[in-house]
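Chemist: This is the structure I want to talk about, given as structure tokens.
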Number of protein chains: 2
Amino acid sequence: MNYFDYAASSIIYPEVLEILSKSHQEDFANSSSQHILGFELQEKINTIKDDFKKSLGADKLDSVIFTSSATESNNTIIKGVTLDENSVVLYCKGDHPSVVAPVEDLKNHTKIILKEIKLNIDGTIDRDQFDSILGPEVKLVILTHVNNQSGVIQDLYTLSKLIKEKSSAHVHVDAVQSFGKINFKLNPFIDSMSFTAHKIGGPKGIAGLFLKKGHKVKPLLLGGGQEEGFRSSTVAYPLIAGFHQAMKIAIQEREEAFLKIEKHQLNIKLFLTQKVANIQFPFLFTSPYILSFIIPKISSDVILRHLEMRKVYISSTSACSSKITGFNPSLMALNIPERFHKNFLRISMGPRTTESEVESLINEFNAVWESLERML
Amino acid sequence: MNYFDYAASSIIYPEVLEILSKSHQEDFANSSSQHILGFELQEKINTIKDDFKKSLGADKLDSVIFTSSATESNNTIIKGVTLDENSVVLYCKGDHPSVVAPVEDLKNHTKIILKEIKLNIDGTIDRDQFDSILGPEVKLVILTHVNNQSGVIQDLYTLSKLIKEKSSAHVHVDAVQSFGKINFKLNPFIDSMSFTAHKIGGPKGIAGLFLKKGHKVKPLLLGGGQEEGFRSSTVAYPLIAGFHQAMKIAIQEREEAFLKIEKHQLNIKLFLTQKVANIQFPFLFTSPYILSFIIPKISSDVILRHLEMRKVYISSTSACSSKITGFNPSLMALNIPERFHKNFLRISMGPRTTESEVESLINEFNAVWESLERML
């Protein structure tokens, strides 16, 4: 099997699986229980949180909150930050639906003003337009570090600094596609950040939310007051232990993996450029883990079906916006002309994607392409 | 080790662990992915949902939504049901914090009226008082099937029927402590119900929400539109598969386990009654899985500490309200006089709690009690 849909979800690491199984057996208590089994778990959770803070470059007094998904992390901030009437919220329609949907839903509750962050044709944020919509009335800005469809890396430092120069807005970053893959430390202008386990060899059902000290965010889940009051629910410790293991591996392997994946991407790109006439790579400054392209002649679905018959799995669009057929507002925001929305493909890799898998992808793609060309 | 805190969280079943590990390895894809790996997962999820519906006695067209916790399930309903100004919401302050906290938070957003459901001295709902607060203005009622602290089983059928005779209120049931333990089928008067995996040998981080067909509930998590639009987030399939396995075991073993646990509870109660002068068992009509009592002479913390030194784990209060010291509003609602709040203890079992574990609990408790009596 050749799996190239890591941006949707990754294969779990065997080291993570081991920790998960061990923890599911041993750490069965409720971390809120008032006996030693509960206290010990709570201590382990705190140690893991400190480790996450260290890896993010956060302060010990900042918070790391464990949630069930990056969607929950994003929703927690977007719904939880205090917004007054006429507050302006900035977001990009090319962001993940777990950003776009809750932002657009804000209008149903509060008299706030939404403004769109526009992208250049290469997928980077249009700095002039961004500058023009910034101002003291802006109270919340959502930035995506690496876009899940284009793979474009935004310059978080410059952007978040600019925001703080012109406003006191809460700066939230969706770092789901960069966390553990791209070297990055928090900067003083970022107030909160979402990241998740299942994109880096960890289990599904667990994610993180960094929240800078001193910030008040209304919790989404009310109850027993777990997670410093930010997120009530029985703490799913085994998933946290698995996430922790995945994070440690990610950091340990990151630099080497990055260079390797860069090479992989280059090889795939070279092959595609030589093989497929009229192929377009619309984006610049992308993560090596995500390669998006347009093949104008053939619907992406046809290519997907042919590849999957050969046990090669790539993606035609974000798993989370897959229900949309035809016109795709998120691709539109990424400046992909509507006529190409059905021709958009994404190959995404994980840190442990091997050279032989890439060779295999190239061979199978080659075979599919030749058979498709004969048919046309 | 003798674990008697199953009402807080259960030991995972080896059969569940096996399914979990297998699924974590094999089912790594994203169920929203538009290739066969995603489609196959989606189909498996649908089959599991049908199985849950069958086991609950639900209709095929009803919804079973997988959430990350019963807290999330309860919050989803309480925050998601449409309430107009002056709507009346009925709840009991003795319910779990994941019911009480979001209900009491409703007042911060909508001009609604909260009314308390009062309990008789034995922990059952006071039928006369309940009757007196019912009426057409009531729009949401939360009932707890088995209270997590008292263990009292409420007569859901009679209560929910009564609600529907006098109002068109949405009837939500918290079934966390009864699901898989007490024989129960949904009745036509119940609109939604929460249940969870980690109380019945399943993993933490996954729970369920039954929602009757035709009901609209505003989702808590917005994004990719998973779970029929009710709950966006990458679906944590391995956890669902583990939950499914736990549910199947629960149903298969339920009847026999129930009788066995009834006998266990009786033995513990007999021992305590003979051993501990002035012990009080305040509640009637309880689940055999939960035995609560008051030992007026000694603080529950002291007993807990002594037991845990002998590797016996019981609970002094619900894991989720453990941060409360001294006065406990939830125990107050259960009609426990304030002077006894620090003397409240709970022994809770799981379907697989063995006779030898119970014997061991009795022996250790006996030893602890004798040493405490000497000290007094």
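Every chain in the structure tokens takes a letter, A first, then B, and so on in the order presented; its residues are numbered from 1, and the ligands are numbered from 1 following the presented order.
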May I have a table of the residues of chain B lying at most 6 Å from chain A, giving each one's closest pair of atoms and their distance in Å to one decimal, counting only C-alpha atoms, ordered by chain and ascending residue number, as CSV?
Modeler:
residue,atom,partner,partner_atom,distance
B:Ala8,CA,A:Asn30,CA,5.9
B:Ser9,CA,A:Asn30,CA,5.5
B:Ile11,CA,A:Phe28,CA,5.3
B:Phe28,CA,A:Ile11,CA,5.3
B:Ala29,CA,A:Ser9,CA,5.7
B:Asn30,CA,A:Ser9,CA,5.5
B:Ser32,CA,A:Ala319,CA,4.9
B:Ser33,CA,A:Ala319,CA,4.6
B:Thr71,CA,A:Ser233,CA,5.4
B:Pro97,CA,A:Gly223,CA,4.4
B:Ser98,CA,A:Gly223,CA,3.7
B:Ala101,CA,A:Gly223,CA,5.3
B:Pro102,CA,A:Leu222,CA,5.5
B:Lys204,CA,A:Ala236,CA,4.9
B:Gly205,CA,A:Ala236,CA,5.1
B:Leu222,CA,A:Pro102,CA,5.5
B:Gly223,CA,A:Ser98,CA,3.7
B:Gly224,CA,A:Cys320,CA,4.3
B:Ser233,CA,A:Thr71,CA,5.4
B:Ala236,CA,A:Lys204,CA,4.9
B:Ala319,CA,A:Ser33,CA,4.6
B:Cys320,CA,A:Gly224,CA,4.4
B:Ser321,CA,A:Gly224,CA,5.8
Chemist: Just to be explicit: take each residue in the selection above, keep N, CA, C and O atoms, and write the result as a PDB file, in the first residue's frame.
Modeler:
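Below is the file out04.pdb, written as the result:
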ATOM      1  N   ALA B   8     -16.241   6.240  38.542  1.00  0.00           N
ATOM      2  CA  ALA B   8     -15.368   7.304  38.021  1.00  0.00           C
ATOM      3  C   ALA B   8     -14.795   6.886  36.669  1.00  0.00           C
ATOM      4  O   ALA B   8     -14.826   7.644  35.699  1.00  0.00           O
ATOM      5  N   SER B   9     -14.251   5.684  36.606  1.00  0.00           N
ATOM      6  CA  SER B   9     -13.741   5.149  35.345  1.00  0.00           C
ATOM      7  C   SER B   9     -13.445   3.671  35.533  1.00  0.00           C
ATOM      8  O   SER B   9     -13.100   3.237  36.626  1.00  0.00           O
ATOM      9  N   ILE B  11     -11.718  -0.194  34.456  1.00  0.00           N
ATOM     10  CA  ILE B  11     -10.552  -0.854  33.871  1.00  0.00           C
ATOM     11  C   ILE B  11     -10.954  -1.295  32.463  1.00  0.00           C
ATOM     12  O   ILE B  11     -12.077  -1.757  32.247  1.00  0.00           O
ATOM     13  N   PHE B  28      -6.194   3.714   9.943  1.00  0.00           N
ATOM     14  CA  PHE B  28      -5.524   4.993  10.167  1.00  0.00           C
ATOM     15  C   PHE B  28      -6.058   6.111   9.281  1.00  0.00           C
ATOM     16  O   PHE B  28      -5.795   7.275   9.529  1.00  0.00           O
ATOM     17  N   ALA B  29      -6.803   5.749   8.244  1.00  0.00           N
ATOM     18  CA  ALA B  29      -7.240   6.776   7.293  1.00  0.00           C
ATOM     19  C   ALA B  29      -8.244   7.725   7.945  1.00  0.00           C
ATOM     20  O   ALA B  29      -8.734   7.489   9.049  1.00  0.00           O
ATOM     21  N   ASN B  30      -8.522   8.791   7.245  1.00  0.00           N
ATOM     22  CA  ASN B  30      -9.531   9.746   7.663  1.00  0.00           C
ATOM     23  C   ASN B  30     -10.851   9.322   7.013  1.00  0.00           C
ATOM     24  O   ASN B  30     -10.914   9.181   5.795  1.00  0.00           O
ATOM     25  N   SER B  32     -13.329  10.828   6.294  1.00  0.00           N
ATOM     26  CA  SER B  32     -13.865  11.800   5.339  1.00  0.00           C
ATOM     27  C   SER B  32     -13.093  11.802   4.028  1.00  0.00           C
ATOM     28  O   SER B  32     -13.462  12.513   3.091  1.00  0.00           O
ATOM     29  N   SER B  33     -12.011  11.034   3.954  1.00  0.00           N
ATOM     30  CA  SER B  33     -11.201  11.030   2.730  1.00  0.00           C
ATOM     31  C   SER B  33     -11.999  10.441   1.570  1.00  0.00           C
ATOM     32  O   SER B  33     -12.774   9.503   1.744  1.00  0.00           O
ATOM     33  N   THR B  71     -19.634  14.495  28.926  1.00  0.00           N
ATOM     34  CA  THR B  71     -19.710  15.941  29.160  1.00  0.00           C
ATOM     35  C   THR B  71     -20.038  16.655  27.859  1.00  0.00           C
ATOM     36  O   THR B  71     -20.905  17.526  27.813  1.00  0.00           O
ATOM     37  N   PRO B  97     -21.950  17.408  37.295  1.00  0.00           N
ATOM     38  CA  PRO B  97     -21.583  18.781  36.907  1.00  0.00           C
ATOM     39  C   PRO B  97     -21.713  19.060  35.400  1.00  0.00           C
ATOM     40  O   PRO B  97     -21.950  20.194  35.006  1.00  0.00           O
ATOM     41  N   SER B  98     -21.565  18.025  34.578  1.00  0.00           N
ATOM     42  CA  SER B  98     -21.669  18.251  33.127  1.00  0.00           C
ATOM     43  C   SER B  98     -23.104  18.498  32.695  1.00  0.00           C
ATOM     44  O   SER B  98     -23.367  18.839  31.538  1.00  0.00           O
ATOM     45  N   ALA B 101     -23.580  22.464  35.298  1.00  0.00           N
ATOM     46  CA  ALA B 101     -22.820  23.653  34.865  1.00  0.00           C
ATOM     47  C   ALA B 101     -23.374  24.254  33.564  1.00  0.00           C
ATOM     48  O   ALA B 101     -23.640  25.456  33.521  1.00  0.00           O
ATOM     49  N   PRO B 102     -23.557  23.467  32.494  1.00  0.00           N
ATOM     50  CA  PRO B 102     -24.094  24.100  31.279  1.00  0.00           C
ATOM     51  C   PRO B 102     -25.524  24.615  31.441  1.00  0.00           C
ATOM     52  O   PRO B 102     -25.877  25.644  30.853  1.00  0.00           O
ATOM     53  N   LYS B 204     -11.270   5.814  27.213  1.00  0.00           N
ATOM     54  CA  LYS B 204     -11.607   7.216  27.475  1.00  0.00           C
ATOM     55  C   LYS B 204     -11.501   7.994  26.164  1.00  0.00           C
ATOM     56  O   LYS B 204     -10.742   7.625  25.282  1.00  0.00           O
ATOM     57  N   GLY B 205     -12.239   9.073  26.061  1.00  0.00           N
ATOM     58  CA  GLY B 205     -12.135   9.919  24.870  1.00  0.00           C
ATOM     59  C   GLY B 205     -13.216   9.655  23.842  1.00  0.00           C
ATOM     60  O   GLY B 205     -13.195  10.250  22.764  1.00  0.00           O
ATOM     61  N   LEU B 222     -18.119  23.193  14.990  1.00  0.00           N
ATOM     62  CA  LEU B 222     -18.396  23.479  13.577  1.00  0.00           C
ATOM     63  C   LEU B 222     -17.146  23.261  12.752  1.00  0.00           C
ATOM     64  O   LEU B 222     -16.041  23.542  13.200  1.00  0.00           O
ATOM     65  N   GLY B 223     -17.330  22.765  11.540  1.00  0.00           N
ATOM     66  CA  GLY B 223     -16.176  22.520  10.682  1.00  0.00           C
ATOM     67  C   GLY B 223     -16.553  21.654   9.504  1.00  0.00           C
ATOM     68  O   GLY B 223     -17.419  22.027   8.706  1.00  0.00           O
ATOM     69  N   GLY B 224     -15.929  20.511   9.413  1.00  0.00           N
ATOM     70  CA  GLY B 224     -16.093  19.630   8.257  1.00  0.00           C
ATOM     71  C   GLY B 224     -17.446  18.955   8.127  1.00  0.00           C
ATOM     72  O   GLY B 224     -17.700  18.269   7.135  1.00  0.00           O
ATOM     73  N   SER B 233     -15.240  17.224  13.348  1.00  0.00           N
ATOM     74  CA  SER B 233     -13.946  16.731  13.857  1.00  0.00           C
ATOM     75  C   SER B 233     -13.625  15.466  13.082  1.00  0.00           C
ATOM     76  O   SER B 233     -14.546  14.716  12.757  1.00  0.00           O
ATOM     77  N   ALA B 236     -12.760   9.700  15.277  1.00  0.00           N
ATOM     78  CA  ALA B 236     -11.746   8.868  15.946  1.00  0.00           C
ATOM     79  C   ALA B 236     -12.189   7.409  15.864  1.00  0.00           C
ATOM     80  O   ALA B 236     -12.612   6.813  16.860  1.00  0.00           O
ATOM     81  N   ALA B 319     -15.759  12.003  41.004  1.00  0.00           N
ATOM     82  CA  ALA B 319     -14.474  12.477  40.485  1.00  0.00           C
ATOM     83  C   ALA B 319     -14.617  13.881  39.920  1.00  0.00           C
ATOM     84  O   ALA B 319     -13.707  14.687  40.010  1.00  0.00           O
ATOM     85  N   CYS B 320     -15.763  14.157  39.352  1.00  0.00           N
ATOM     86  CA  CYS B 320     -15.942  15.439  38.685  1.00  0.00           C
ATOM     87  C   CYS B 320     -16.327  16.568  39.624  1.00  0.00           C
ATOM     88  O   CYS B 320     -16.421  17.711  39.215  1.00  0.00           O
ATOM     89  N   SER B 321     -16.620  16.286  40.889  1.00  0.00           N
ATOM     90  CA  SER B 321     -16.869  17.413  41.788  1.00  0.00           C
ATOM     91  C   SER B 321     -15.891  17.362  42.949  1.00  0.00           C
ATOM     92  O   SER B 321     -16.101  17.954  43.992  1.00  0.00           O
TER      93      SER B 321
END
Chemist: I need the residues in region 27-265 of chain A that are strand (DSSP E or B) according to DSSP; give them as a PyMOL selection string.
Modeler: chain A and resi 63-67+88-91+113-116+119+125+138-144+146+152-153+170-174+192-196+207-211
Chemist: Taking the DSSP assignment computed from this structure's backbone, write out as a VMD selection string all residues of region 70-197 of chain B that belong to helix (DSSP H, G or I).
Modeler: chain B and resid 70 to 80 97 to 106 127 to 133 156 to 166
Chemist: Please dump the current selection as a compact mmCIF listing (two decimals), in the first residue's frame; keep C-alpha atoms.
Modeler:
# COMPACT_ATOMS: atom_id res chain seq x y z
CA ALA B 70 -20.46 12.38 28.08
CA THR B 71 -19.71 15.94 29.16
CA GLU B 72 -19.64 16.88 25.48
CA SER B 73 -22.86 14.92 24.83
CA ASN B 74 -24.65 16.71 27.67
CA ASN B 75 -23.27 20.12 26.66
CA THR B 76 -24.29 19.52 23.04
CA ILE B 77 -27.93 19.08 24.00
CA ILE B 78 -28.12 21.71 26.73
CA LYS B 79 -26.44 24.37 24.59
CA GLY B 80 -27.89 23.16 21.31
CA PRO B 97 -21.58 18.78 36.91
CA SER B 98 -21.67 18.25 33.13
CA VAL B 99 -25.44 18.75 33.40
CA VAL B 100 -25.59 21.34 36.16
CA ALA B 101 -22.82 23.65 34.86
CA PRO B 102 -24.09 24.10 31.28
CA VAL B 103 -27.71 24.45 32.47
CA GLU B 104 -26.77 27.15 34.96
CA ASP B 105 -24.68 28.84 32.26
CA LEU B 106 -27.73 29.16 30.00
CA ARG B 127 -43.22 13.44 42.15
CA ASP B 128 -45.48 16.14 43.62
CA GLN B 129 -42.88 18.86 43.33
CA PHE B 130 -42.01 17.65 39.81
CA ASP B 131 -45.65 17.76 38.83
CA SER B 132 -45.95 21.28 40.20
CA ILE B 133 -43.14 22.71 38.06
CA LEU B 156 -37.56 7.27 33.36
CA TYR B 157 -40.67 5.93 31.70
CA THR B 158 -43.15 7.48 34.13
CA LEU B 159 -41.24 10.73 34.41
CA SER B 160 -40.70 11.29 30.70
CA LYS B 161 -44.32 10.34 29.91
CA LEU B 162 -45.50 12.85 32.50
CA ILE B 163 -43.33 15.57 30.94
CA LYS B 164 -44.81 14.95 27.49
CA GLU B 165 -48.36 14.99 28.84
CA LYS B 166 -47.85 18.42 30.30
Chemist: So which residues touch Phe327 (chain A) within 10 Å, counting only C-alpha atoms, skipping near sequence neighbours fewer than 3 positions away, as a VMD selection string?
Modeler: chain A and resid 324 330 to 332 337 to 342
Chemist: Please report the interatomic distance between CA of Leu90 (chain B) and CA of Leu134 (chain B) in Å with one decimal.
Modeler: 8.5 Å
Chemist: So which one's closest to Gln149 (chain A), A:Leu334, A:Leu376, A:Met1, A:Val358? Using only C-alpha atoms, please.
Modeler: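 The answer is A:Leu334, which sits nearest to Gln149 (chain A).
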Chemist: A:Asp62, A:His306, A:Pro219, A:Lys181: which is nearest Val368 (chain A), counting only C-alpha atoms?
Modeler: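 That would be A:His306, the residue with the smallest distance to Val368 (chain A).
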Chemist: If I take CA of Pro296 (chain A) and CA of Phe39 (chain B), how far is one from the other in Å, to one decimal?
Modeler: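 Interatomic distance, CA of Pro296 (chain A) to CA of Phe39 (chain B): 25.6 Å.
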Chemist: Near Tyr91 (chain A), counting only C-alpha atoms, which residues have an atom at most 9 Å away, once you skip same-chain residues fewer than 2 positions from it, shown as a PDB file with N, CA and C atoms, in the first residue's frame?
Modeler:
ATOM      1  N   VAL A  89     -13.422  40.663  13.041  1.00  0.00           N
ATOM      2  CA  VAL A  89     -12.709  39.385  13.057  1.00  0.00           C
ATOM      3  C   VAL A  89     -12.134  39.140  11.667  1.00  0.00           C
ATOM      4  N   LYS A  93     -10.973  32.604   3.890  1.00  0.00           N
ATOM      5  CA  LYS A  93     -11.907  31.569   3.447  1.00  0.00           C
ATOM      6  C   LYS A  93     -11.203  30.330   2.894  1.00  0.00           C
ATOM      7  N   GLY A  94      -9.899  30.452   2.724  1.00  0.00           N
ATOM      8  CA  GLY A  94      -9.131  29.289   2.283  1.00  0.00           C
ATOM      9  C   GLY A  94      -8.662  28.423   3.446  1.00  0.00           C
ATOM     10  N   ASP A  95      -8.953  28.883   4.672  1.00  0.00           N
ATOM     11  CA  ASP A  95      -8.571  28.104   5.856  1.00  0.00           C
ATOM     12  C   ASP A  95      -9.426  26.847   5.973  1.00  0.00           C
ATOM     13  N   VAL A  99     -12.043  26.408  11.003  1.00  0.00           N
ATOM     14  CA  VAL A  99     -11.837  27.835  11.260  1.00  0.00           C
ATOM     15  C   VAL A  99     -12.984  28.616  10.617  1.00  0.00           C
ATOM     16  N   VAL A 100     -13.214  28.342   9.338  1.00  0.00           N
ATOM     17  CA  VAL A 100     -14.171  29.147   8.570  1.00  0.00           C
ATOM     18  C   VAL A 100     -15.591  29.019   9.140  1.00  0.00           C
ATOM     19  N   VAL A 103     -16.136  30.823  12.566  1.00  0.00           N
ATOM     20  CA  VAL A 103     -16.021  32.278  12.382  1.00  0.00           C
ATOM     21  C   VAL A 103     -17.301  32.801  11.725  1.00  0.00           C
ATOM     22  N   LEU A 114     -17.108  40.589   9.996  1.00  0.00           N
ATOM     23  CA  LEU A 114     -16.097  39.670   9.485  1.00  0.00           C
ATOM     24  C   LEU A 114     -15.401  40.301   8.295  1.00  0.00           C
ATOM     25  N   LYS A 115     -14.080  40.189   8.267  1.00  0.00           N
ATOM     26  CA  LYS A 115     -13.350  40.654   7.082  1.00  0.00           C
ATOM     27  C   LYS A 115     -12.436  39.543   6.609  1.00  0.00           C
ATOM     28  N   GLU A 116     -12.385  39.397   5.301  1.00  0.00           N
ATOM     29  CA  GLU A 116     -11.597  38.321   4.708  1.00  0.00           C
ATOM     30  C   GLU A 116     -10.151  38.721   4.478  1.00  0.00           C
ATOM     31  N   ILE A 117      -9.250  37.830   4.855  1.00  0.00           N
ATOM     32  CA  ILE A 117      -7.840  37.992   4.511  1.00  0.00           C
ATOM     33  C   ILE A 117      -7.662  37.389   3.117  1.00  0.00           C
ATOM     34  N   LYS A 118      -7.168  38.194   2.191  1.00  0.00           N
ATOM     35  CA  LYS A 118      -7.029  37.712   0.810  1.00  0.00           C
ATOM     36  C   LYS A 118      -5.623  37.169   0.563  1.00  0.00           C
ATOM     37  N   LEU A 140      -9.971  39.811  16.806  1.00  0.00           N
ATOM     38  CA  LEU A 140      -9.577  38.406  16.663  1.00  0.00           C
ATOM     39  C   LEU A 140      -9.089  38.172  15.239  1.00  0.00           C
ATOM     40  N   VAL A 141      -7.910  37.581  15.125  1.00  0.00           N
ATOM     41  CA  VAL A 141      -7.375  37.239  13.808  1.00  0.00           C
ATOM     42  C   VAL A 141      -6.991  35.761  13.814  1.00  0.00           C
ATOM     43  N   ILE A 142      -7.435  35.027  12.810  1.00  0.00           N
ATOM     44  CA  ILE A 142      -7.040  33.627  12.698  1.00  0.00           C
ATOM     45  C   ILE A 142      -6.039  33.506  11.553  1.00  0.00           C
ATOM     46  N   LEU A 143      -4.885  32.948  11.881  1.00  0.00           N
ATOM     47  CA  LEU A 143      -3.871  32.692  10.862  1.00  0.00           C
ATOM     48  C   LEU A 143      -3.637  31.186  10.781  1.00  0.00           C
TER      49      LEU A 143
END
Chemist: If I take CA of Phe210 (chain B) and CA of Met193 (chain B), how far is one from the other in Å, to one decimal?
Modeler: 5.0 Å
